[in-house]
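To start, the structure itself, in structure tokens.
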Amino acid sequence: MQQSLVLETPAASPEETHRHYMNKLAVETDVADVRHDMELGVGGFLLIDVRLDKAYEECHIPGAISLPHRQMTEETTASFPKDQVIVVYCWGPACNGGARGAARLSGLGFRVKEMLGGIEYWRREGGPVEGTLADMAPIVG
């Protein structure tokens, strides 16, 4: 009889699992939720594109601010309100720029969520974009 690879590590308790997923949702959001809020004009968060300036110039989500993660400092974020949630995005699932940006911003005292899927999935799901190339821009960097 074969041993289960799924069950060889015991599952967490329901309480531990619930805590894990609530913690995950506290630091992540997705394209559909961001788009939903933007389409309804629901405020409360600042959207930041953490990719390089050239990528932002070519194609970005309307309303997003460009601030590459390596440029995030107390000085470059001084105008951001500390009581507003910041949502960051990068290229897509294979890019860790969003995680780097979220780490830097939270280290500076901001509440941050990473938008899973980045601009790649924003575009795949039909989200509007703007920029010098807009829809003609490469889908990934």
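Ordered as shown in the structure tokens, chains take letters A, B, and onward, while each chain numbers its residues from 1 and ligands are numbered from 1 in the order shown.
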Report task. Apply DSSP to the backbone of this structure and, from chain A, keep only the residues in strand (DSSP E or B); write these as a list in words. Result -> Glu28, Thr29, Asp30, Phe45, Leu46, Leu47, Ile48, Asp49, His60, Ile65, Ser66, Val85, Ile86, Val87, Val88, Tyr89, Val112, Lys113, Glu114, Met115, Leu116 and Glu130 of chain A
Residues of range 27-68 of chain A within 10 Å of range 102-125 of chain A: nearest atom pair and distance (Å, one decimal) for each, counting only C-alpha atoms, sorted by chain and number, as a Markdown table?
| residue | atom | partner | partner_atom | distance |
| --- | --- | --- | --- | --- |
| A:Val27 | CA | A:Lys113 | CA | 4.4 |
| A:Glu28 | CA | A:Lys113 | CA | 4.8 |
| A:Thr29 | CA | A:Met115 | CA | 4.9 |
| A:Asp30 | CA | A:Leu116 | CA | 4.9 |
| A:Val31 | CA | A:Trp122 | CA | 5.6 |
| A:Ala32 | CA | A:Trp122 | CA | 8.0 |
| A:Asp33 | CA | A:Met115 | CA | 9.1 |
| A:Val34 | CA | A:Met115 | CA | 7.8 |
| A:Arg35 | CA | A:Trp122 | CA | 8.3 |
| A:Phe45 | CA | A:Val112 | CA | 9.1 |
| A:Leu46 | CA | A:Val112 | CA | 9.4 |
| A:Leu47 | CA | A:Met115 | CA | 9.3 |
| A:Ile48 | CA | A:Glu114 | CA | 9.7 |
| A:Asp49 | CA | A:Ile119 | CA | 8.7 |
| A:Val50 | CA | A:Ala102 | CA | 9.3 |
| A:Arg51 | CA | A:Ile119 | CA | 9.9 |
| A:Cys59 | CA | A:Ile119 | CA | 8.8 |
| A:His60 | CA | A:Ile119 | CA | 7.3 |
| A:Ile61 | CA | A:Ile119 | CA | 7.5 |
Report task. Mind listing the alpha helix (DSSP H) residues of range 61-139 of chain A, per DSSP on the backbone, as JSON, numbers by chain? Result -> {"A": [97, 98, 99, 100, 101, 102, 103, 104, 105, 106, 107, 118, 119, 120, 121, 122, 123, 124]}
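The closest residue to Val129 in chain A, picked from A:Ala64, A:Leu52, A:Cys95, A:Leu40 and counting only C-alpha atoms, is A:Ala64.
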Report task. Would you please work out which residue, of A:Lys82, A:Lys24, A:Gly126, A:Cys90, is nearest to Val140 in chain A when using only C-alpha atoms? Result ->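 Smallest distance to Val140 in chain A is found for A:Cys90.
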Query raised in the report: Leaving out Gly101 in chain A and any residue of its chain fewer than 4 positions from it, which residues lie within 8 Å of it when counting only C-alpha atoms, given as a list in words?
Result: Val50, Pro68, His69, Arg70, Met72, Val88, Gly97 and Leu105 of chain A
Query raised in the report: Which of these residues is nearest to Pro93 in chain A, using only C-alpha atoms: A:Thr9, A:His18, A:Ala26, A:Gly141?
Result: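 For Pro93 in chain A, the nearest of the given residues is A:Gly141.
Residue nearest Ala55 in chain A within the list A:Thr17, A:Gln71, A:Thr132, A:Asn23: A:Thr132 [criterion: smallest interatomic distance, only C-alpha atoms].
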**Report entry** Counting only C-alpha atoms, the residue of A:Glu58, A:Asp37, A:Asp53, A:Glu16 that sits nearest Leu133 in chain A
**Finding:**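 Closest to Leu133 in chain A of all the choices is A:Glu58.
CA of Tyr89 in chain A is found 17.4 Å from CA of Thr73 in chain A.
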**Report entry** Among the residues A:Ala11, A:Leu67, A:Ala137, A:Met22, the one that comes closest to Val87 in chain A [using only C-alpha atoms]
**Finding:** A:Leu67
